Amino acid sequence: MAVTGFVEHADTTRVSGWAYDSGAPEARLEVTVRIGDQFYASGFADIARGDLLAAGIGDGKHGFVIDVSETHFSAEEAAALEVHAISGVEIVRIARVEAMREPIVDLKSDPQMPISDTNQFPVFILGPARFGADTITQALLESGSYLGTGDGQLLPLAHGLLSTIDSYYQRAGNTEDTALSRVSIDAFQKLVRRCFIQLAADLFPTTHWLDKTPTVEMARAAVLMSDLWPNSRFIFVKERVIEHVINRRREFPHDTTEGHYSDWAAVMTTWVAVRGQLGSGALEIDQRQLAVDPEGVASLLAEFLELPEAAADRFSRYICASQPEQQTDKAFAVAHSLEQLGLDEYHARCMTAACDRAMTAFGYGYGESYHITGTGT
C-alpha cells in the first residue's frame, strides 16, 4: 500500500487537495480533518482533476474539497490542522503544500531583470515517475525549509519554448528585409528566461523552493534550469528497469509494458546525457537504496542540501516513516530477474534493445544481481 497526496489549500472555510493509493488505484479514499486528537470534518477524494490524470495519478478522480466553514476555525487553528487519508486499515497524514495558489494572470519582461537568478536555491527532483520522488518531495516540504507543489509540470515549458525559437530561426535563415530579421533570436531568448525567473519568484516567494517533475522533458531541461538558477540542486531518483516495470504494472495495470520501459529508457538515457553538465549540483538516489536504508539516504540528502539541523531531523523522520518501496513491494529487498516479467522471447529482445544503453550506463544487470558487478544486493 502506498498512499500519497497533498493538502493544497487550507483556511477557515475549506480544505482541498488530493489523495491516492497506488495499491488500490480505483479506491476513493476517505479524508479527515483534525487538530490533534479532535475530529472536525471528513470527505472523500473522488473529484476528477485533469492535472492528476496528466501526471499519471490513477484515473485522475482523486481530488477532495472539504467544507469546514461550520467548524468556525480561527486562522491559527486552520494553520495547525492535520489531514489524514484512510485506505483500509492504513491512516496516513498528508503533507501540506505551502506555496501560493493564486493563478498568475499576467507576465511582463523587464529589461532590467537578469536572465539568471543567483538569489534562489531551488531543488529539482527528477527521474522515472515513481513514489521515491514523491516521498523525497513530501519530506522536504515537511522539513519546513522549502516551498513547492506536489507536481510541477510547468518549468519544462521554458526549454520547449527556447527550442521552438531556435528551430524557427534556423528554418527561417538569415533572410533580409523581413520583420523577423529586425528581431534578434537573443531578444526572444532573454524574454523567455526573464519570464520564467519572474514566474518562479511569483509562485514561490522564498529563496528555497522545489519542483518535482519526473518526466523526460524535465530531464532535458535540467541544464537550462542550472543556467537560470545557478544555485540549483538536482536529485535524480533512479531505478532498474525490471523493478520499475513490475511496480508500474501494479500501479497502472491498463498501460502497456512497452510504455513502461520506453518511458523509463527515455528518462534514464536523457539523464545520462545531461548529468555531467550539472557537476556537484546533482545527486543520484536509487529507489532500492531509499527502501533498504532510508536513514542513510536521508542523511546523505540532508548533507547535500545543507539542511539546518531541525529541518534535517524533520526530513529524516518523514523519510524513515514512509519507506515507500516497502509499502508497495514487501519483497523489494530481493532483486528480480528479467524472466519474472513473463515476456516472450520477441518482447524480451525489444525491451533489452530499448534499455541496454541506460542499463549499462548505470551498471544494472538483468538477472537477480541488481548490479552487473554485484552479488544480488
# chains A, B, ... in the order shown; residues from 1 in each chain; ligands from 1
>>> residues_around(residues="Ile185 in chain A", least_positions_apart="4", cutoff="8 Å", atoms="only C-alpha atoms", output="VMD selection string")
chain A and resid 165 to 166 169 189
>>> atom_distance(atom1="CA of Ser16 in chain A", atom2="CA of Arg34 in chain A")
13.8 Å
>>> closest_residue(among="A:Thr269, A:Gln38, A:Thr149, A:Thr137", to="Phe204 in chain A", atoms="only C-alpha atoms")
A:Thr149
>>> atom_distance(atom1="CA of Asp11 in chain A", atom2="CA of Leu210 in chain A")
22.9 Å
>>> residues_around(residues="Gln277 in chain A", least_positions_apart="2", cutoff="12 Å", atoms="only C-alpha atoms", output="ChimeraX atom specification")
/A:220-227,234,271-275,279-282
>>> residues_around(residues="range 66-68 of chain A", least_positions_apart="3", cutoff="12 Å", atoms="only C-alpha atoms", output="PyMOL selection string")
chain A and resi 7-18+30-34+39-47+63+71-74+77-78+81+83
>>> select_by_dssp(residues="range 181-377 of chain A", states="alpha helix (DSSP H)", output="PyMOL selection string")
chain A and resi 185-203+216-228+241-251+257-274+287-292+294-305+309-322+324-328+345-361
>>> residues_around(residues="range 313-319 of chain A", least_positions_apart="3", cutoff="12 Å", atoms="only C-alpha atoms", output="ChimeraX atom specification")
/A:92-95,131-146,290-303,305-310,322-325
>>> write_last_selection(atoms="N, CA and C atoms", output="short mmCIF file (atom, residue, chain, number, x, y, z; two decimals), in the first residue's frame")
data_model
loop_
_atom_site.label_atom_id
_atom_site.label_comp_id
_atom_site.auth_asym_id
_atom_site.auth_seq_id
_atom_site.Cartn_x
_atom_site.Cartn_y
_atom_site.Cartn_z
N VAL A 92 -2.88 7.66 6.90
CA VAL A 92 -1.65 8.34 6.51
C VAL A 92 -1.87 9.84 6.53
N ARG A 93 -1.00 10.56 7.23
CA ARG A 93 -1.08 12.01 7.23
C ARG A 93 -0.57 12.55 5.90
N ILE A 94 -1.31 13.48 5.33
CA ILE A 94 -0.95 14.07 4.04
C ILE A 94 -0.20 15.38 4.27
N ALA A 95 0.90 15.53 3.56
CA ALA A 95 1.71 16.74 3.71
C ALA A 95 0.98 17.96 3.15
N PHE A 131 7.29 6.45 -6.66
CA PHE A 131 6.94 7.05 -5.38
C PHE A 131 8.15 7.51 -4.57
N GLY A 132 9.35 7.10 -4.94
CA GLY A 132 10.52 7.62 -4.25
C GLY A 132 10.64 9.12 -4.40
N ALA A 133 10.36 9.61 -5.61
CA ALA A 133 10.39 11.06 -5.85
C ALA A 133 9.30 11.76 -5.04
N ASP A 134 8.12 11.13 -4.93
CA ASP A 134 7.04 11.70 -4.12
C ASP A 134 7.46 11.81 -2.66
N THR A 135 8.09 10.75 -2.16
CA THR A 135 8.48 10.73 -0.75
C THR A 135 9.51 11.80 -0.43
N ILE A 136 10.52 11.95 -1.28
CA ILE A 136 11.54 12.97 -1.06
C ILE A 136 10.90 14.36 -1.13
N THR A 137 9.98 14.56 -2.08
CA THR A 137 9.29 15.84 -2.19
C THR A 137 8.51 16.16 -0.92
N GLN A 138 7.70 15.22 -0.46
CA GLN A 138 6.90 15.46 0.73
C GLN A 138 7.78 15.66 1.96
N ALA A 139 8.89 14.91 2.03
CA ALA A 139 9.79 15.06 3.18
C ALA A 139 10.41 16.45 3.21
N LEU A 140 10.78 16.99 2.06
CA LEU A 140 11.34 18.34 2.01
C LEU A 140 10.30 19.38 2.39
N LEU A 141 9.07 19.19 1.95
CA LEU A 141 8.01 20.11 2.35
C LEU A 141 7.76 20.02 3.86
N GLU A 142 7.80 18.81 4.41
CA GLU A 142 7.61 18.62 5.84
C GLU A 142 8.77 19.22 6.65
N SER A 143 9.95 19.30 6.03
CA SER A 143 11.11 19.83 6.75
C SER A 143 10.94 21.30 7.10
N GLY A 144 10.10 22.00 6.35
CA GLY A 144 9.89 23.42 6.59
C GLY A 144 10.90 24.33 5.91
N SER A 145 11.85 23.76 5.17
CA SER A 145 12.88 24.57 4.52
C SER A 145 12.54 24.94 3.09
N TYR A 146 11.53 24.28 2.49
CA TYR A 146 11.23 24.51 1.09
C TYR A 146 9.74 24.72 0.88
N LEU A 290 16.73 3.79 -1.20
CA LEU A 290 15.79 4.50 -0.36
C LEU A 290 14.96 3.53 0.48
N ALA A 291 14.67 2.35 -0.08
CA ALA A 291 13.85 1.38 0.63
C ALA A 291 14.63 0.65 1.72
N VAL A 292 15.86 0.24 1.42
CA VAL A 292 16.60 -0.60 2.38
C VAL A 292 17.39 0.22 3.39
N ASP A 293 17.69 1.47 3.08
CA ASP A 293 18.46 2.30 4.01
C ASP A 293 17.92 3.73 4.03
N PRO A 294 16.66 3.91 4.45
CA PRO A 294 16.07 5.25 4.42
C PRO A 294 16.82 6.24 5.28
N GLU A 295 17.36 5.80 6.43
CA GLU A 295 18.08 6.72 7.30
C GLU A 295 19.37 7.21 6.64
N GLY A 296 20.08 6.29 5.98
CA GLY A 296 21.30 6.68 5.29
C GLY A 296 21.02 7.64 4.14
N VAL A 297 19.96 7.37 3.39
CA VAL A 297 19.59 8.26 2.28
C VAL A 297 19.19 9.63 2.80
N ALA A 298 18.42 9.65 3.88
CA ALA A 298 18.00 10.93 4.46
C ALA A 298 19.20 11.75 4.90
N SER A 299 20.18 11.10 5.51
CA SER A 299 21.39 11.79 5.95
C SER A 299 22.17 12.34 4.76
N LEU A 300 22.28 11.52 3.71
CA LEU A 300 23.00 11.93 2.50
C LEU A 300 22.33 13.14 1.85
N LEU A 301 21.01 13.11 1.75
CA LEU A 301 20.29 14.21 1.12
C LEU A 301 20.34 15.47 1.98
N ALA A 302 20.22 15.32 3.29
CA ALA A 302 20.29 16.49 4.17
C ALA A 302 21.64 17.18 4.05
N GLU A 303 22.70 16.40 3.95
CA GLU A 303 24.05 16.98 3.79
C GLU A 303 24.18 17.64 2.42
N LEU A 305 21.88 18.99 0.59
CA LEU A 305 21.09 20.21 0.54
C LEU A 305 21.43 21.20 1.64
N GLU A 306 22.34 20.82 2.52
CA GLU A 306 22.77 21.67 3.63
C GLU A 306 21.56 22.12 4.47
N LEU A 307 20.71 21.16 4.82
CA LEU A 307 19.55 21.47 5.63
C LEU A 307 19.96 21.84 7.05
N PRO A 308 19.33 22.85 7.65
CA PRO A 308 19.57 23.14 9.06
C PRO A 308 19.22 21.92 9.92
N GLU A 309 19.79 21.85 11.10
CA GLU A 309 19.66 20.66 11.93
C GLU A 309 18.20 20.28 12.20
N ALA A 310 17.39 21.24 12.61
CA ALA A 310 15.99 20.94 12.92
C ALA A 310 15.25 20.47 11.67
N SER A 322 8.15 6.74 6.06
CA SER A 322 7.47 6.42 4.81
C SER A 322 7.92 5.08 4.24
N GLN A 323 9.25 4.90 4.06
CA GLN A 323 9.81 3.69 3.46
C GLN A 323 8.93 3.24 2.30
N PRO A 324 8.83 4.04 1.24
CA PRO A 324 7.79 3.85 0.22
C PRO A 324 7.81 2.50 -0.45
N GLU A 325 8.97 1.97 -0.77
CA GLU A 325 9.00 0.72 -1.51
C GLU A 325 8.53 -0.45 -0.65
#
>>> residues_around(residues="Gly127 in chain A", least_positions_apart="2", cutoff="12 Å", atoms="only C-alpha atoms", output="MDAnalysis selection string")
chainID A and resid 124:125 129:134 136 212:220 222 234:240 244 263:272 275 283:287
>>> write_last_selection(atoms="C-alpha atoms", output="PDB file, in the first residue's frame")
ATOM      1  CA  PHE A 124      14.669  19.777  -8.799  1.00  0.00           C
ATOM      2  CA  ILE A 125      13.521  16.198  -8.189  1.00  0.00           C
ATOM      3  CA  ALA A 129       7.856   8.557 -12.271  1.00  0.00           C
ATOM      4  CA  ARG A 130       7.811   6.558  -9.030  1.00  0.00           C
ATOM      5  CA  PHE A 131       6.941   7.048  -5.381  1.00  0.00           C
ATOM      6  CA  GLY A 132      10.525   7.618  -4.250  1.00  0.00           C
ATOM      7  CA  ALA A 133      10.386  11.059  -5.845  1.00  0.00           C
ATOM      8  CA  ASP A 134       7.039  11.696  -4.120  1.00  0.00           C
ATOM      9  CA  ILE A 136      11.538  12.973  -1.058  1.00  0.00           C
ATOM     10  CA  LYS A 212       9.140  17.640  -8.813  1.00  0.00           C
ATOM     11  CA  THR A 213       8.534  16.875 -12.475  1.00  0.00           C
ATOM     12  CA  PRO A 214       9.592  13.259 -13.153  1.00  0.00           C
ATOM     13  CA  THR A 215       9.384  13.377 -16.962  1.00  0.00           C
ATOM     14  CA  VAL A 216      11.814  13.142 -19.846  1.00  0.00           C
ATOM     15  CA  GLU A 217      11.012  16.778 -20.727  1.00  0.00           C
ATOM     16  CA  MET A 218      12.262  17.936 -17.338  1.00  0.00           C
ATOM     17  CA  ALA A 219      15.398  15.830 -17.631  1.00  0.00           C
ATOM     18  CA  ARG A 220      16.100  17.572 -20.947  1.00  0.00           C
ATOM     19  CA  ALA A 222      17.939  20.302 -16.356  1.00  0.00           C
ATOM     20  CA  PHE A 234      19.181  18.176  -8.697  1.00  0.00           C
ATOM     21  CA  ILE A 235      18.068  14.912  -7.104  1.00  0.00           C
ATOM     22  CA  PHE A 236      17.663  12.121  -9.646  1.00  0.00           C
ATOM     23  CA  VAL A 237      15.722   9.139  -8.279  1.00  0.00           C
ATOM     24  CA  LYS A 238      16.801   6.192 -10.417  1.00  0.00           C
ATOM     25  CA  GLU A 239      15.702   2.556 -10.563  1.00  0.00           C
ATOM     26  CA  ARG A 240      16.481  -0.603 -12.510  1.00  0.00           C
ATOM     27  CA  HIS A 244      10.290  -0.188 -12.469  1.00  0.00           C
ATOM     28  CA  ASP A 263       9.319   5.891 -20.616  1.00  0.00           C
ATOM     29  CA  TRP A 264      11.992   4.553 -18.266  1.00  0.00           C
ATOM     30  CA  ALA A 265      14.590   4.367 -21.049  1.00  0.00           C
ATOM     31  CA  ALA A 266      13.806   7.890 -22.272  1.00  0.00           C
ATOM     32  CA  VAL A 267      14.264   9.493 -18.848  1.00  0.00           C
ATOM     33  CA  MET A 268      17.324   7.454 -17.892  1.00  0.00           C
ATOM     34  CA  THR A 269      19.227   7.969 -21.172  1.00  0.00           C
ATOM     35  CA  THR A 270      18.417  11.675 -21.177  1.00  0.00           C
ATOM     36  CA  TRP A 271      19.777  11.987 -17.654  1.00  0.00           C
ATOM     37  CA  VAL A 272      23.000  10.220 -18.704  1.00  0.00           C
ATOM     38  CA  ARG A 275      24.255  14.854 -15.697  1.00  0.00           C
ATOM     39  CA  LEU A 283      22.955  13.656  -6.746  1.00  0.00           C
ATOM     40  CA  GLU A 284      21.569  10.244  -7.716  1.00  0.00           C
ATOM     41  CA  ILE A 285      19.483   8.170  -5.318  1.00  0.00           C
ATOM     42  CA  ASP A 286      18.371   4.623  -6.120  1.00  0.00           C
ATOM     43  CA  GLN A 287      14.783   3.618  -5.300  1.00  0.00           C
TER      44      GLN A 287
END
>>> residues_around(residues="Gln112 in chain A", least_positions_apart="4", cutoff="12 Å", atoms="only C-alpha atoms", output="PyMOL selection string")
chain A and resi 108+116+190-191+194+198
>>> write_last_selection(atoms="N, CA and C atoms", output="short mmCIF file (atom, residue, chain, number, x, y, z; two decimals), in the first residue's frame")
data_model
loop_
_atom_site.label_atom_id
_atom_site.label_comp_id
_atom_site.auth_asym_id
_atom_site.auth_seq_id
_atom_site.Cartn_x
_atom_site.Cartn_y
_atom_site.Cartn_z
N LYS A 108 5.24 39.91 -17.49
CA LYS A 108 5.94 41.06 -18.03
C LYS A 108 7.43 40.73 -18.05
N SER A 116 19.48 35.24 -15.29
CA SER A 116 19.73 34.16 -14.34
C SER A 116 19.62 34.75 -12.94
N LYS A 190 16.01 35.97 -24.18
CA LYS A 190 16.02 36.72 -22.92
C LYS A 190 14.60 36.89 -22.39
N LEU A 191 13.64 37.13 -23.29
CA LEU A 191 12.25 37.28 -22.88
C LEU A 191 11.77 36.03 -22.13
N ARG A 194 13.62 35.61 -18.68
CA ARG A 194 13.13 36.55 -17.66
C ARG A 194 11.73 36.20 -17.18
N GLN A 198 10.76 35.32 -13.35
CA GLN A 198 9.68 36.06 -12.67
C GLN A 198 8.60 35.10 -12.17
#
>>> atom_distance(atom1="CA of Leu162 in chain A", atom2="CA of Ile115 in chain A")
13.1 Å
>>> select_by_dssp(residues="range 234-343 of chain A", states="strand (DSSP E)", output="PDB file with C-alpha atoms, in the first residue's frame")
ATOM      1  CA  PHE A 234      19.181  18.176  -8.697  1.00  0.00           C
ATOM      2  CA  ILE A 235      18.068  14.912  -7.104  1.00  0.00           C
ATOM      3  CA  PHE A 236      17.663  12.121  -9.646  1.00  0.00           C
ATOM      4  CA  VAL A 237      15.722   9.139  -8.279  1.00  0.00           C
ATOM      5  CA  LYS A 238      16.801   6.192 -10.417  1.00  0.00           C
ATOM      6  CA  ALA A 282      23.437  16.721  -8.939  1.00  0.00           C
ATOM      7  CA  LEU A 283      22.955  13.656  -6.746  1.00  0.00           C
ATOM      8  CA  GLU A 284      21.569  10.244  -7.716  1.00  0.00           C
ATOM      9  CA  ILE A 285      19.483   8.170  -5.318  1.00  0.00           C
ATOM     10  CA  ASP A 286      18.371   4.623  -6.120  1.00  0.00           C
TER      11      ASP A 286
END
